[in-house]
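What follows is a short report on a single structure.
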Amino acid sequence: MKKHLRICAVGNSSSIHVKKRTQCFADRGHEVSLISPVRNQIEGVKNIYFPTHKNKPGLPGYIYRLIKAIRAENPDIVHLHYGEVYQVTACYFSGFNFAVTLMGSDVINGFGKLAWPQRLLLVSMLKKATLLNPKSQNIAAMVEHNIGKHPNTIVTYWGADFNKFKPTNKLMARQQLGFDLNTHLILSPRVLRPIYNIGLIVKALPIVLGQIDAKLLLCESMAEPEYKAQLQVLIAELNLEDRVIFLGEMTNDAMPLLYNAADVVVGIPDHDGMPMSLLEGMACAVPNIIPKLKSYEELVIDKQSAYCVDLRESDIAEAIIELAKNEVLREDICNNAYRTVNEKANFAVDVAKVEDAFLEIANDQ
């Protein structure tokens, strides 16, 4: 039985998700290469820089070159880390077995926003995939609705890495990061872009400050400059300059300590798949405030493993205040969240499941 795989991944090496999902297979003894539009190096992975096309006339050449790059690796399986239509097409025409990990926005944009010729192409190519790997049951349902039932689909959350994300002493975490020990810390780990409604959290802060001594921590990784500038104007208008801390670029290695330093995590996008920030916060036993989205319902229950709100600053503020003052509710949510993510969204378990599927495909060749 084949134990060693040659895996050719296609994805962006600047994405922490792609980094984790390629490096994990290299750590398990497989030979992994990654075709990426940026030059970031991932330890244990053969990194292949492959610039993307810049305009429509360059698209056919891009697909042809991507097919050649995949074929040069002669893999047992190609692993595409985002279901972009032309990359799916190149994976198919490479002639190798290929798996597509579907993240959510690729499905929403692919089936909801593409022009009909590209949408039909995406449907056709996904049907031909050897394996589909949606990141949640909700994403799997959207895919099935658009392409029909695929014969080989496995759902994995690619969950929290419990070797890194786990509860630690809050005071120790704050001391290491230089935060005040008594201030209530509200962490917003999502990207500074309009879809994540960071402005609503900022607008909720004055209401919170009426009852709690609090500060808001904003991560800036992959921030949209124009949106950050808008937030800075809003913060100044509300006289919150001393209450909002921009943390700069945060590496994934720095996040466990940050989650543990926080009293609450707030992530309130307009729509979503199953975000790692939610899973990692749950793994660190920190309460999450999230919107009432159907995509979350398969994993969390309102007031049991997360606190669900409508997208209004008053509701967000009310949730922050209640979680700060209601110790029983907070403890219940933290305990249930930790247990849920450990049982249903554990990275090590998910990696093993995908690895078994890859090995089965390779052994059937």
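Quick note on naming: the chains in the structure tokens go A, B, ... in the order shown, residues restart at 1 in each chain, and ligands are numbered from 1 in order of appearance.
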
For this session: Using DSSP on the backbone coordinates, identify all residues within stretch 264-293 of chain A classified as strand (DSSP E); present the result as JSON, numbers by chain.
Result: {"A": [264, 265, 266, 288, 289, 290, 291]}

For this session: Write out as a PyMOL selection string each polymer residue whose atoms come within 9 Å of A:Pro269, counting only C-alpha atoms; drop sequence neighbours fewer than 2 positions from it.
Result: chain A and resi 190+194-198+267+271-272+290-291+311

Problem set entry | From A:Asn169, A:Asn138, A:Ser314, A:Asn260, residue lying nearest A:Leu299 [only C-alpha atoms] |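 Of the candidates, the smallest distance to A:Leu299 is held by A:Asn138.
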
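Checking A:Leu359, A:Val309, A:Leu205, A:Leu66 one by one against A:Ile7, counting only C-alpha atoms, you find the shortest gap at A:Leu359.
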
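Take the candidates A:Ser33, A:Gln23, A:Thr183, A:Ser188 and check each one against A:Val202 using only C-alpha atoms; the shortest distance goes to A:Ser188.
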
Exercise. Hey, which of A:Tyr296, A:Phe246, A:Phe50, A:Tyr259 ends up closest to A:Thr168? Count only C-alpha atoms.
Worked result: A:Tyr259

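Shortest separation to A:Ile321 among A:Cys24, A:Leu209, A:Val85, A:Val265 occurs at residue A:Leu209, atoms counted being only C-alpha atoms.
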
Problem set entry | Nearby residues (only C-alpha atoms) at most 10 Å from A:Leu218, same-chain spacing under 2 positions excluded, as number ranges by chain | A: 186-192, 198, 202, 215-216, 220-221, 244-249

Output of the above residues as a tab-separated table (two decimals), in the first residue's frame, restricted to all heavy atoms:
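File part.tsv, as written:
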```tsv
chain	number	residue	atom	x	y	z
A	186	ILE	N	-11.24	43.71	24.03
A	186	ILE	CA	-12.12	43.22	22.96
A	186	ILE	C	-11.25	43.01	21.72
A	186	ILE	O	-10.66	43.97	21.21
A	186	ILE	CB	-13.23	44.25	22.65
A	186	ILE	CG1	-14.00	44.60	23.93
A	186	ILE	CG2	-14.15	43.73	21.55
A	186	ILE	CD1	-14.77	45.92	23.81
A	187	LEU	N	-11.16	41.79	21.25
A	187	LEU	CA	-10.30	41.48	20.11
A	187	LEU	C	-11.14	41.32	18.84
A	187	LEU	O	-12.09	40.53	18.80
A	187	LEU	CB	-9.51	40.19	20.37
A	187	LEU	CG	-8.69	39.65	19.18
A	187	LEU	CD1	-7.63	40.65	18.75
A	187	LEU	CD2	-8.07	38.30	19.53
A	188	SER	N	-10.76	42.05	17.80
A	188	SER	CA	-11.35	41.86	16.47
A	188	SER	C	-10.25	41.28	15.57
A	188	SER	O	-9.38	42.02	15.10
A	188	SER	CB	-11.85	43.19	15.90
A	188	SER	OG	-12.21	43.04	14.54
A	189	PRO	N	-10.26	39.96	15.32
A	189	PRO	CA	-9.18	39.34	14.56
A	189	PRO	C	-9.38	39.35	13.05
A	189	PRO	O	-8.51	38.91	12.31
A	189	PRO	CB	-9.20	37.90	15.08
A	189	PRO	CG	-10.64	37.65	15.39
A	189	PRO	CD	-11.20	38.97	15.86
A	190	ARG	N	-10.54	39.84	12.59
A	190	ARG	CA	-10.83	39.76	11.15
A	190	ARG	C	-10.11	40.87	10.39
A	190	ARG	O	-9.73	41.90	10.95
A	190	ARG	CB	-12.34	39.82	10.90
A	190	ARG	CG	-13.18	38.81	11.67
A	190	ARG	CD	-12.73	37.37	11.49
A	190	ARG	NE	-12.86	36.86	10.14
A	190	ARG	CZ	-13.93	36.20	9.68
A	190	ARG	NH1	-14.96	35.99	10.48
A	190	ARG	NH2	-13.95	35.74	8.44
A	191	VAL	N	-9.99	40.67	9.09
A	191	VAL	CA	-9.27	41.60	8.23
A	191	VAL	C	-9.99	42.95	8.18
A	191	VAL	O	-11.22	43.00	8.20
A	191	VAL	CB	-9.16	41.00	6.82
A	191	VAL	CG1	-8.43	41.96	5.87
A	191	VAL	CG2	-8.42	39.66	6.87
A	192	LEU	N	-9.21	44.03	8.11
A	192	LEU	CA	-9.80	45.37	8.02
A	192	LEU	C	-10.32	45.61	6.61
A	192	LEU	O	-9.68	46.26	5.78
A	192	LEU	CB	-8.77	46.43	8.41
A	192	LEU	CG	-8.18	46.35	9.82
A	192	LEU	CD1	-7.31	47.56	10.10
A	192	LEU	CD2	-9.28	46.23	10.87
A	198	ILE	N	-16.00	46.17	10.77
A	198	ILE	CA	-15.21	46.61	11.92
A	198	ILE	C	-15.76	47.94	12.45
A	198	ILE	O	-15.73	48.20	13.65
A	198	ILE	CB	-13.72	46.77	11.54
A	198	ILE	CG1	-13.21	45.53	10.77
A	198	ILE	CG2	-12.88	47.02	12.78
A	198	ILE	CD1	-13.26	44.25	11.53
A	202	VAL	N	-16.44	49.49	16.33
A	202	VAL	CA	-15.97	50.79	16.82
A	202	VAL	C	-17.14	51.62	17.34
A	202	VAL	O	-17.06	52.23	18.42
A	202	VAL	CB	-15.22	51.55	15.69
A	202	VAL	CG1	-14.88	52.97	16.13
A	202	VAL	CG2	-13.96	50.80	15.29
A	215	LYS	N	-10.89	48.30	25.97
A	215	LYS	CA	-10.13	48.70	24.79
A	215	LYS	C	-10.39	47.70	23.67
A	215	LYS	O	-10.62	46.52	23.93
A	215	LYS	CB	-8.63	48.78	25.09
A	215	LYS	CG	-8.26	49.98	25.97
A	215	LYS	CD	-6.76	50.13	26.10
A	215	LYS	CE	-6.44	51.39	26.92
A	215	LYS	NZ	-4.98	51.58	27.07
A	216	LEU	N	-10.35	48.21	22.44
A	216	LEU	CA	-10.57	47.38	21.25
A	216	LEU	C	-9.25	47.16	20.55
A	216	LEU	O	-8.52	48.11	20.24
A	216	LEU	CB	-11.57	48.08	20.31
A	216	LEU	CG	-11.80	47.46	18.94
A	216	LEU	CD1	-12.36	46.04	19.06
A	216	LEU	CD2	-12.74	48.33	18.10
A	220	GLU	N	-4.17	43.95	11.79
A	220	GLU	CA	-4.00	44.66	10.52
A	220	GLU	C	-3.45	43.79	9.39
A	220	GLU	O	-3.13	44.30	8.32
A	220	GLU	CB	-3.07	45.85	10.72
A	220	GLU	CG	-3.62	46.92	11.65
A	220	GLU	CD	-2.68	48.09	11.79
A	220	GLU	OE1	-2.59	48.91	10.85
A	220	GLU	OE2	-2.02	48.17	12.84
A	221	SER	N	-3.37	42.49	9.60
A	221	SER	CA	-2.87	41.63	8.53
A	221	SER	C	-3.80	41.72	7.32
A	221	SER	O	-5.01	41.60	7.44
A	221	SER	CB	-2.80	40.18	9.03
A	221	SER	OG	-1.91	40.07	10.13
A	244	VAL	N	-8.67	52.45	21.11
A	244	VAL	CA	-8.54	51.50	20.00
A	244	VAL	C	-7.05	51.32	19.69
A	244	VAL	O	-6.34	52.31	19.48
A	244	VAL	CB	-9.28	51.97	18.74
A	244	VAL	CG1	-9.11	50.95	17.61
A	244	VAL	CG2	-10.76	52.19	19.05
A	245	ILE	N	-6.60	50.08	19.68
A	245	ILE	CA	-5.19	49.78	19.43
A	245	ILE	C	-5.07	49.02	18.11
A	245	ILE	O	-5.66	47.94	17.95
A	245	ILE	CB	-4.60	48.92	20.57
A	245	ILE	CG1	-4.71	49.67	21.90
A	245	ILE	CG2	-3.14	48.55	20.27
A	245	ILE	CD1	-4.30	48.83	23.10
A	246	PHE	N	-4.33	49.59	17.17
A	246	PHE	CA	-4.01	48.89	15.93
A	246	PHE	C	-2.76	48.05	16.18
A	246	PHE	O	-1.71	48.58	16.55
A	246	PHE	CB	-3.77	49.88	14.79
A	246	PHE	CG	-5.03	50.54	14.29
A	246	PHE	CD1	-5.49	51.72	14.84
A	246	PHE	CD2	-5.75	49.96	13.25
A	246	PHE	CE1	-6.64	52.32	14.38
A	246	PHE	CE2	-6.92	50.56	12.76
A	246	PHE	CZ	-7.36	51.74	13.33
A	247	LEU	N	-2.88	46.76	16.00
A	247	LEU	CA	-1.82	45.83	16.40
A	247	LEU	C	-0.77	45.59	15.32
A	247	LEU	O	0.23	44.92	15.59
A	247	LEU	CB	-2.45	44.49	16.79
A	247	LEU	CG	-3.38	44.52	18.00
A	247	LEU	CD1	-4.10	43.19	18.13
A	247	LEU	CD2	-2.61	44.83	19.27
A	248	GLY	N	-1.01	46.10	14.11
A	248	GLY	CA	-0.07	45.83	13.03
A	248	GLY	C	-0.26	44.42	12.49
A	248	GLY	O	-1.25	43.74	12.77
A	249	GLU	N	0.69	43.97	11.68
A	249	GLU	CA	0.64	42.63	11.11
A	249	GLU	C	0.87	41.60	12.21
A	249	GLU	O	1.84	41.67	12.95
A	249	GLU	CB	1.71	42.48	10.03
A	249	GLU	CG	1.50	43.36	8.81
A	249	GLU	CD	0.53	42.76	7.82
A	249	GLU	OE1	0.27	41.54	7.91
A	249	GLU	OE2	0.04	43.51	6.95
```

For this session: Would you kindly return, as an MDAnalysis selection string, each protein, DNA or RNA residue with an atom no farther than 9 Å from any atom of A:Arg71, considering only C-alpha atoms and excluding same-chain residues fewer than 4 positions away?
Result: chainID A and resid 66:67 75 94:96

Step one, run DSSP on the backbone; step two, keep only residues of stretch 58-241 of chain A assigned to alpha helix (DSSP H); then write them as a tab-separated table (two decimals) with C-alpha atoms, in the first residue's frame.
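And here is the file that came out, result23.tsv:
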```tsv
chain	number	residue	atom	x	y	z
A	59	LEU	CA	-5.58	34.07	-19.45
A	60	PRO	CA	-5.15	31.24	-22.02
A	61	GLY	CA	-1.38	31.45	-21.67
A	62	TYR	CA	-1.70	31.38	-17.88
A	63	ILE	CA	-3.82	28.21	-17.96
A	64	TYR	CA	-1.41	26.54	-20.41
A	65	ARG	CA	1.63	27.42	-18.27
A	66	LEU	CA	-0.12	26.24	-15.10
A	67	ILE	CA	-0.91	22.88	-16.74
A	68	LYS	CA	2.78	22.54	-17.70
A	69	ALA	CA	3.92	23.47	-14.18
A	70	ILE	CA	1.67	20.83	-12.63
A	71	ARG	CA	2.78	18.17	-15.11
A	72	ALA	CA	6.44	18.95	-14.37
A	73	GLU	CA	5.84	17.85	-10.76
A	85	VAL	CA	-12.58	28.51	-12.10
A	86	TYR	CA	-9.48	28.75	-14.29
A	87	GLN	CA	-7.24	27.03	-11.76
A	88	VAL	CA	-9.77	24.19	-11.46
A	89	THR	CA	-9.70	23.98	-15.26
A	90	ALA	CA	-5.89	23.76	-15.32
A	91	CYS	CA	-5.95	21.05	-12.65
A	92	TYR	CA	-8.32	18.96	-14.74
A	93	PHE	CA	-6.38	19.36	-17.99
A	105	SER	CA	-16.03	32.82	-0.93
A	106	ASP	CA	-14.93	30.78	-3.95
A	107	VAL	CA	-18.31	29.03	-3.96
A	108	ILE	CA	-20.32	32.21	-3.29
A	109	ASN	CA	-18.46	34.20	-5.95
A	110	GLY	CA	-18.20	31.32	-8.41
A	111	PHE	CA	-21.86	30.39	-8.45
A	112	GLY	CA	-23.29	33.80	-7.61
A	116	TRP	CA	-22.83	32.23	-17.14
A	117	PRO	CA	-20.06	30.84	-19.42
A	118	GLN	CA	-17.52	30.84	-16.56
A	119	ARG	CA	-20.16	29.49	-14.16
A	120	LEU	CA	-20.92	26.59	-16.50
A	121	LEU	CA	-17.20	25.92	-16.85
A	122	LEU	CA	-16.78	25.88	-13.06
A	123	VAL	CA	-19.69	23.45	-12.67
A	124	SER	CA	-18.26	21.15	-15.33
A	125	MET	CA	-14.74	21.17	-13.90
A	126	LEU	CA	-15.83	20.61	-10.27
A	127	LYS	CA	-17.87	17.62	-11.40
A	137	GLN	CA	-21.48	21.29	5.67
A	138	ASN	CA	-23.05	24.56	4.56
A	139	ILE	CA	-20.48	24.99	1.77
A	140	ALA	CA	-21.00	21.33	0.81
A	141	ALA	CA	-24.74	21.99	0.49
A	142	MET	CA	-24.14	25.04	-1.72
A	143	VAL	CA	-21.83	23.01	-3.97
A	144	GLU	CA	-24.32	20.14	-4.24
A	145	HIS	CA	-27.12	22.58	-5.05
A	146	ASN	CA	-25.11	23.94	-7.99
A	147	ILE	CA	-23.38	20.85	-9.42
A	170	LYS	CA	-4.73	35.27	30.89
A	171	LEU	CA	-2.57	37.38	33.20
A	172	MET	CA	0.60	35.79	31.86
A	173	ALA	CA	-0.55	36.42	28.28
A	174	ARG	CA	-1.27	40.08	29.02
A	175	GLN	CA	2.05	40.58	30.76
A	176	GLN	CA	3.90	39.12	27.78
A	177	LEU	CA	2.04	41.39	25.36
A	198	ILE	CA	-15.21	46.61	11.92
A	199	GLY	CA	-16.83	50.05	11.95
A	200	LEU	CA	-19.83	48.64	13.80
A	201	ILE	CA	-17.57	47.35	16.56
A	202	VAL	CA	-15.97	50.79	16.82
A	203	LYS	CA	-19.42	52.41	17.02
A	204	ALA	CA	-20.41	49.96	19.77
A	205	LEU	CA	-17.41	50.90	21.88
A	206	PRO	CA	-18.81	54.16	23.36
A	207	ILE	CA	-21.85	52.24	24.61
A	208	VAL	CA	-19.58	49.63	26.18
A	209	LEU	CA	-17.42	52.33	27.80
A	225	PRO	CA	-5.67	50.78	3.34
A	226	GLU	CA	-8.72	52.84	2.37
A	227	TYR	CA	-10.92	51.06	4.89
A	228	LYS	CA	-8.32	51.44	7.63
A	229	ALA	CA	-8.21	55.17	6.89
A	230	GLN	CA	-12.01	55.36	7.18
A	231	LEU	CA	-11.83	53.59	10.54
A	232	GLN	CA	-9.20	56.02	11.78
A	233	VAL	CA	-11.46	58.95	10.87
A	234	LEU	CA	-14.39	57.29	12.69
A	235	ILE	CA	-12.25	56.61	15.75
A	236	ALA	CA	-11.17	60.26	15.85
A	237	GLU	CA	-14.77	61.50	15.46
```

For this session: Report the distance between atom CA of A:Ala306 and atom CA of A:Ile289 in Å, rounded to one decimal place.
Result: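 Between atom CA of A:Ala306 and atom CA of A:Ile289 the gap works out to 6.1 Å.
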
For this session: Just the residues within 7 Å of A:Asp263, please, counting only C-alpha atoms, with nothing from its chain fewer than 2 positions along; format it as a ChimeraX atom specification.
Result: /A:184-186,261,286

Problem set entry | Neighbour list for A:Asp302 as a PyMOL selection string, cut-off 12 Å, only C-alpha atoms, skip fewer than 3 positions in-chain | chain A and resi 287-294+296-299+305-310+319+329+332-333+336-337

Exercise. Rounded to one decimal in Å, what is the spacing between atom CA of A:Met274 and atom CA of A:Lys20?
Worked result: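 Pair atom CA of A:Met274 / atom CA of A:Lys20 returns 16.3 Å.
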
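Here the question is which of A:Asn163, A:Val10, A:Ile361, A:Pro134 gets nearest to A:His150 using only C-alpha atoms, and that residue is A:Pro134.
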
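Atom CA of A:Glu280 is positioned 16.8 Å from atom CA of A:Gln304.
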